[in-house]
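K.L.:
Handing you a structure now.
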Amino acid sequence: MKKKISLYKLLNLFLRAAGMGAKFVLILLLSKYYTDTDYRDLTLIMTFVTLSIYVIGVDFYNYSIRDILMGNEQDGLQKVVNSFFLYGIIYIIFGILYYLFFDSLDFINQYALAVFVIALTEHLSQEIYRLLIAFGKVLLANFILFFRLFGWVSYVIYYIQFKGSISLHHLLTIWYIFNLISIITVALYFGIKNIKQILTVKIKKKWIINGLKISSVFFAGTILLKIIEYANRFVVDYFLDDIYVGIYGFYTTIALIVTIYINTIVISFELPSLIKNTPKDPGLSNFAYFRRSIIKQLIIIIFILSLFIYPLLQWQGKSVYSKHISVFFIVLGGVFFMNLSLVEHFMLYVKHQDKRILYIMVISGIFSLFSAIILTYVAGIYGTAISFFITGVLMYYLRKYEVRKMKLPFN
């Protein structure tokens with residue numbers, strides 16, 4: 001049985017890693033062949049899209065998925081439909097705000113429509129992925145993710161290799177086309193299968209409003225977390241030259257593979273079980289296994305990344321990137337502590353300690369933003385990396401401290 005589970009996990013890891021790996025190879029190629037300005041624009045567009053996804057989602061999934069898993073299974077479809085009804089309203093609001101405030105940003109304006117469509121389709125794709133994971137369809141979720149990521153990235157890599165170059169506008173267009181294909185395919189499959197039930201679903205305003213109240217706590221925390229993970233790139237862009245935006249974005253992209261790996265190989269499998277079983281497990285014994293899994297996988301992925309970073313830099317052939325290799329290891333240290341503290345984070349989450357979670361993120365987010373500004377101004381790109389590392393350590397300490405205060409039967 002253990003062997004089957006291991007092979008199943010490895011298949012899921014392969015599907016997700018292949019997609020993310022292809023995207024990683026693309027980032028490497030573009031860092032080598034794009035001009036500093038084009039690569040800076042791509043880095044900032046990707047960061048903007050990532051942040052937009054979390055703004056659009058308002059972290060409603062934290063409420064809806066937990067409610068689905070802990071509630072009556074027969075109400076699952078109704079809650080899913082209500083969730084997407086809410087997202088439709090949010091898309092309209094986001095579109096108005098995007099038109100008024102964001103599409104004129106210097107790295108977006110000539111690609112405004114493409115960036116907007118990518119932001120919406122990336123969010124939809126992410127919500128589909130989360131729901132499939134929550135309902136135990138992990139393999140299907142990762143297969144769809146594989147098609148979506150590997151598809152457009154492979155096309156772009158092929159185009160670069162045989163055509164010599166690809167414009168940023170062409171790249172963005174291919175990106176959202178593959179997003180749309182995957183979304184339409186899933187919608188048709190599950191829509192046709194459940195069309196009768198979907199048509200009878202009633203929109204429950206009270207459930208949505210209650211969800212917004214609860215998820216607002218998570219939303220604030222997530223925005224602060226994404227500020228920690230990504231906003232430093234905008235700080236670098238403000239204080240330093242375009243080349244440093246590319247360097248910092250390049251190294252943080254590689255380091256954050258750790259988070260993607262942990263989410264894929266540990267959290268996507270263990271979290272639904274933790275949510276369902278914690279009420280029946282007052283001793284929190286499941287979390288002991290959860291902690292061992294995270295520590296083991298952190299050691300594996302950090303060793304792999306540390307081993308391969310030098311050959312990657314040699315292949316890339318840009319001495320200015322190699323010169324700042326220390327930035328990678330400093331950021332990698334911060335990512336390590338952030339992921340190590342996920343045990344305590346999810347312990348707070350399954351115990352409905354939402355305000356404690358928000359408190360931790362407020363402190364960490366404020367510290368991250370101000371320390372990044374100060375340290376980047378004083379020490380350049382190394383100051384930015386040090387700010388990220390210290391924030392990771394701070395988050396680790398705060399999460400452990402808050403769990404200890406609850407006096408749970410787990411250390």
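Lettering and numbering for the structure tokens are positional, with chains as A, B, ... in the shown order, residues counted from 1 in each chain, and ligands counted from 1 in the shown order.
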Write out as JSON, numbers by chain which residues come within 12 Å of A:Gly392 when counting only C-alpha atoms, dropping same-chain ones fewer than 4 positions away.

P.N.:
{"A": [225, 228, 229, 330, 331, 332, 333, 334, 335, 336, 337, 338, 339, 340, 341, 342, 360, 361, 363, 364, 365, 367, 368, 385, 386, 387, 388, 396, 397, 398, 399]}

K.L.:
Name the residues in contact with stretch 125-142 of chain A at a cut-off of 7 Å, using only C-alpha atoms, excluding same-chain residues fewer than 3 positions from it; report them as a PyMOL selection string.

P.N.:
chain A and resi 12+15-16+65+121-122+145-146+183+268+272

K.L.:
Neighbours of A:Gly76 within 12 Å (only C-alpha atoms; same-chain residues fewer than 4 positions away dropped), as a VMD selection string?

P.N.:
chain A and resid 64 to 72 80 to 83 131 to 132 134 to 135 197 to 198 201

K.L.:
Please save N, CA, C and O atoms of the selected residues as an mmCIF file, in the first residue's frame.

P.N.:
```
data_model
loop_
_atom_site.group_PDB
_atom_site.id
_atom_site.type_symbol
_atom_site.label_atom_id
_atom_site.label_comp_id
_atom_site.auth_asym_id
_atom_site.auth_seq_id
_atom_site.Cartn_x
_atom_site.Cartn_y
_atom_site.Cartn_z
ATOM 1 N N SER A 64 -14.672 28.593 1.985
ATOM 2 C CA SER A 64 -15.551 27.679 1.253
ATOM 3 C C SER A 64 -15.061 26.235 1.316
ATOM 4 O O SER A 64 -15.853 25.316 1.564
ATOM 5 N N ILE A 65 -13.763 26.014 1.119
ATOM 6 C CA ILE A 65 -13.249 24.642 1.113
ATOM 7 C C ILE A 65 -13.314 24.029 2.503
ATOM 8 O O ILE A 65 -13.697 22.863 2.676
ATOM 9 N N ARG A 66 -12.955 24.814 3.522
ATOM 10 C CA ARG A 66 -13.053 24.296 4.887
ATOM 11 C C ARG A 66 -14.501 23.969 5.228
ATOM 12 O O ARG A 66 -14.794 22.947 5.859
ATOM 13 N N ASP A 67 -15.420 24.806 4.767
ATOM 14 C CA ASP A 67 -16.835 24.592 5.042
ATOM 15 C C ASP A 67 -17.360 23.367 4.291
ATOM 16 O O ASP A 67 -18.168 22.596 4.819
ATOM 17 N N ILE A 68 -16.873 23.177 3.066
ATOM 18 C CA ILE A 68 -17.287 22.012 2.281
ATOM 19 C C ILE A 68 -16.792 20.722 2.924
ATOM 20 O O ILE A 68 -17.535 19.752 3.072
ATOM 21 N N LEU A 69 -15.529 20.702 3.323
ATOM 22 C CA LEU A 69 -14.929 19.488 3.878
ATOM 23 C C LEU A 69 -15.481 19.132 5.253
ATOM 24 O O LEU A 69 -15.575 17.960 5.609
ATOM 25 N N MET A 70 -15.828 20.152 6.041
ATOM 26 C CA MET A 70 -16.326 19.899 7.391
ATOM 27 C C MET A 70 -17.847 19.803 7.447
ATOM 28 O O MET A 70 -18.408 19.465 8.480
ATOM 29 N N GLY A 71 -18.502 20.094 6.329
ATOM 30 C CA GLY A 71 -19.960 20.121 6.333
ATOM 31 C C GLY A 71 -20.579 18.923 5.646
ATOM 32 O O GLY A 71 -19.963 17.867 5.498
ATOM 33 N N ASN A 72 -21.795 19.098 5.186
ATOM 34 C CA ASN A 72 -22.555 18.044 4.505
ATOM 35 C C ASN A 72 -22.089 17.934 3.055
ATOM 36 O O ASN A 72 -22.103 18.906 2.310
ATOM 37 N N VAL A 80 -20.001 25.378 -4.250
ATOM 38 C CA VAL A 80 -19.093 25.663 -5.370
ATOM 39 C C VAL A 80 -19.725 26.694 -6.308
ATOM 40 O O VAL A 80 -19.083 27.672 -6.705
ATOM 41 N N VAL A 81 -20.991 26.480 -6.668
ATOM 42 C CA VAL A 81 -21.690 27.406 -7.568
ATOM 43 C C VAL A 81 -21.800 28.791 -6.940
ATOM 44 O O VAL A 81 -21.581 29.812 -7.609
ATOM 45 N N ASN A 82 -22.110 28.852 -5.659
ATOM 46 C CA ASN A 82 -22.194 30.141 -4.972
ATOM 47 C C ASN A 82 -20.842 30.848 -4.953
ATOM 48 O O ASN A 82 -20.769 32.074 -5.092
ATOM 49 N N SER A 83 -19.775 30.075 -4.806
ATOM 50 C CA SER A 83 -18.433 30.660 -4.805
ATOM 51 C C SER A 83 -18.129 31.314 -6.147
ATOM 52 O O SER A 83 -17.642 32.453 -6.202
ATOM 53 N N LEU A 131 -10.269 23.222 -5.775
ATOM 54 C CA LEU A 131 -11.481 22.430 -5.572
ATOM 55 C C LEU A 131 -11.245 20.956 -5.885
ATOM 56 O O LEU A 131 -11.718 20.077 -5.157
ATOM 57 N N LEU A 132 -10.528 20.684 -6.955
ATOM 58 C CA LEU A 132 -10.230 19.301 -7.299
ATOM 59 C C LEU A 132 -9.396 18.629 -6.204
ATOM 60 O O LEU A 132 -9.634 17.472 -5.844
ATOM 61 N N ALA A 134 -9.394 19.521 -3.015
ATOM 62 C CA ALA A 134 -10.270 19.387 -1.848
ATOM 63 C C ALA A 134 -11.185 18.170 -1.971
ATOM 64 O O ALA A 134 -11.468 17.494 -0.984
ATOM 65 N N PHE A 135 -11.644 17.878 -3.198
ATOM 66 C CA PHE A 135 -12.541 16.740 -3.418
ATOM 67 C C PHE A 135 -11.774 15.438 -3.663
ATOM 68 O O PHE A 135 -12.356 14.430 -4.055
ATOM 69 N N GLN A 197 -28.247 19.521 -11.548
ATOM 70 C CA GLN A 197 -28.076 20.025 -10.173
ATOM 71 C C GLN A 197 -27.692 21.493 -10.172
ATOM 72 O O GLN A 197 -28.148 22.277 -9.331
ATOM 73 N N ILE A 198 -26.823 21.888 -11.132
ATOM 74 C CA ILE A 198 -26.365 23.277 -11.193
ATOM 75 C C ILE A 198 -27.530 24.217 -11.444
ATOM 76 O O ILE A 198 -27.633 25.293 -10.842
ATOM 77 N N VAL A 201 -29.527 25.065 -8.314
ATOM 78 C CA VAL A 201 -28.830 25.694 -7.187
ATOM 79 C C VAL A 201 -29.346 27.109 -6.969
ATOM 80 O O VAL A 201 -29.526 27.881 -7.914
#
```

K.L.:
Mind checking which residues fall within 8 Å of A:Ala119, counting only C-alpha atoms, ignoring those fewer than 2 positions away in the same chain, and posting them as a PDB file with N, CA, C and O atoms, in the first residue's frame?

P.N.:
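selection03.pdb, written as the output of this step:
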```
ATOM      1  N   VAL A  49       0.527  39.740 -11.840  1.00  0.00           N
ATOM      2  CA  VAL A  49      -0.503  38.710 -12.031  1.00  0.00           C
ATOM      3  C   VAL A  49      -0.653  37.872 -10.768  1.00  0.00           C
ATOM      4  O   VAL A  49      -1.769  37.582 -10.318  1.00  0.00           O
ATOM      5  N   THR A  50       0.480  37.482 -10.175  1.00  0.00           N
ATOM      6  CA  THR A  50       0.443  36.674  -8.957  1.00  0.00           C
ATOM      7  C   THR A  50      -0.298  37.399  -7.836  1.00  0.00           C
ATOM      8  O   THR A  50      -1.157  36.819  -7.160  1.00  0.00           O
ATOM      9  N   SER A  52      -2.437  39.856  -8.216  1.00  0.00           N
ATOM     10  CA  SER A  52      -3.822  40.072  -8.635  1.00  0.00           C
ATOM     11  C   SER A  52      -4.693  38.855  -8.343  1.00  0.00           C
ATOM     12  O   SER A  52      -5.863  38.984  -7.974  1.00  0.00           O
ATOM     13  N   ILE A  53      -4.121  37.655  -8.520  1.00  0.00           N
ATOM     14  CA  ILE A  53      -4.869  36.428  -8.259  1.00  0.00           C
ATOM     15  C   ILE A  53      -5.399  36.410  -6.831  1.00  0.00           C
ATOM     16  O   ILE A  53      -6.550  36.045  -6.576  1.00  0.00           O
ATOM     17  N   VAL A 115      -2.662  41.121 -20.069  1.00  0.00           N
ATOM     18  CA  VAL A 115      -2.369  40.960 -18.646  1.00  0.00           C
ATOM     19  C   VAL A 115      -3.663  40.793 -17.857  1.00  0.00           C
ATOM     20  O   VAL A 115      -3.744  39.973 -16.932  1.00  0.00           O
ATOM     21  N   PHE A 116      -4.700  41.531 -18.227  1.00  0.00           N
ATOM     22  CA  PHE A 116      -5.996  41.432 -17.549  1.00  0.00           C
ATOM     23  C   PHE A 116      -6.596  40.036 -17.730  1.00  0.00           C
ATOM     24  O   PHE A 116      -7.053  39.418 -16.758  1.00  0.00           O
ATOM     25  N   VAL A 117      -6.592  39.534 -18.958  1.00  0.00           N
ATOM     26  CA  VAL A 117      -7.158  38.210 -19.228  1.00  0.00           C
ATOM     27  C   VAL A 117      -6.352  37.135 -18.501  1.00  0.00           C
ATOM     28  O   VAL A 117      -6.915  36.184 -17.940  1.00  0.00           O
ATOM     29  N   THR A 121      -7.913  34.438 -15.833  1.00  0.00           N
ATOM     30  CA  THR A 121      -7.844  33.012 -16.141  1.00  0.00           C
ATOM     31  C   THR A 121      -6.908  32.270 -15.182  1.00  0.00           C
ATOM     32  O   THR A 121      -7.133  31.096 -14.880  1.00  0.00           O
ATOM     33  N   GLU A 122      -5.874  32.938 -14.700  1.00  0.00           N
ATOM     34  CA  GLU A 122      -5.002  32.311 -13.707  1.00  0.00           C
ATOM     35  C   GLU A 122      -5.767  32.075 -12.402  1.00  0.00           C
ATOM     36  O   GLU A 122      -5.617  31.038 -11.756  1.00  0.00           O
ATOM     37  N   HIS A 123      -6.600  33.060 -12.023  1.00  0.00           N
ATOM     38  CA  HIS A 123      -7.382  32.881 -10.802  1.00  0.00           C
ATOM     39  C   HIS A 123      -8.386  31.748 -10.950  1.00  0.00           C
ATOM     40  O   HIS A 123      -8.510  30.886 -10.068  1.00  0.00           O
TER      41      HIS A 123
END
```

K.L.:
I'd like a table as a Markdown table: residues in stretch 5-53 of chain A with an atom no more than 10 Å from stretch 230-234 of chain A, each row giving the shortest atom pair and its distance in Å to one decimal, only C-alpha atoms counted, sorted by chain and rising residue number.

P.N.:
```
| residue | atom | partner | partner_atom | distance |
| --- | --- | --- | --- | --- |
| A:Arg40 | CA | A:Arg233 | CA | 9.8 |
| A:Thr43 | CA | A:Arg233 | CA | 8.5 |
| A:Leu44 | CA | A:Arg233 | CA | 7.5 |
| A:Met46 | CA | A:Tyr230 | CA | 9.9 |
| A:Thr47 | CA | A:Tyr230 | CA | 6.4 |
| A:Phe48 | CA | A:Tyr230 | CA | 8.9 |
| A:Thr50 | CA | A:Tyr230 | CA | 8.5 |
| A:Leu51 | CA | A:Tyr230 | CA | 7.9 |
```

K.L.:
Which value, in Å to one decimal, gives the distance between atom CA of A:Phe287 and atom CA of A:Tyr401?

P.N.:
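Separation of atom CA of A:Phe287 and atom CA of A:Tyr401: 16.7 Å.
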
K.L.:
Name the residues in contact with A:Phe150 at a cut-off of 10 Å, using only C-alpha atoms, excluding same-chain residues fewer than 5 positions from it; report them as a list in words.

P.N.:
Leu15, Arg16, Ala17, Ala18, Gly19, Met20, Gly21, Ala22, Lys23, Ile144, Leu145, Tyr155, Val156 and Phe178 of chain A

K.L.:
Measure the distance from atom CA of A:Asp59 to atom CA of A:Val217 in Å and round it to one decimal.

P.N.:
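For atom CA of A:Asp59 relative to atom CA of A:Val217, the distance reads 8.7 Å.
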
K.L.:
With stretch 85-109 of chain A as the partner and 12 Å as the cut-off, tabulate the residues of stretch 202-229 of chain A that qualify, each row holding the nearest pair of atoms and their distance in Å to one decimal, using only C-alpha atoms, sorted by chain and rising number, as JSON lines.

P.N.:
```
{"residue": "A:Lys202", "atom": "CA", "partner": "A:Phe85", "partner_atom": "CA", "distance": 10.5}
{"residue": "A:Ile203", "atom": "CA", "partner": "A:Phe85", "partner_atom": "CA", "distance": 7.9}
{"residue": "A:Lys204", "atom": "CA", "partner": "A:Phe85", "partner_atom": "CA", "distance": 10.1}
{"residue": "A:Lys205", "atom": "CA", "partner": "A:Leu86", "partner_atom": "CA", "distance": 9.5}
{"residue": "A:Trp207", "atom": "CA", "partner": "A:Leu86", "partner_atom": "CA", "distance": 10.8}
{"residue": "A:Ile208", "atom": "CA", "partner": "A:Leu86", "partner_atom": "CA", "distance": 7.4}
{"residue": "A:Ile209", "atom": "CA", "partner": "A:Leu86", "partner_atom": "CA", "distance": 9.8}
{"residue": "A:Gly211", "atom": "CA", "partner": "A:Leu86", "partner_atom": "CA", "distance": 10.4}
{"residue": "A:Leu212", "atom": "CA", "partner": "A:Leu86", "partner_atom": "CA", "distance": 9.6}
```

K.L.:
Given the choices A:Glu402, A:Asp75, A:Asp41, A:Asp354, which gets closest to A:Ser167 if the distance is worked out from only C-alpha atoms?

P.N.:
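Looking at the shortest contact to A:Ser167, the residue is A:Asp41.
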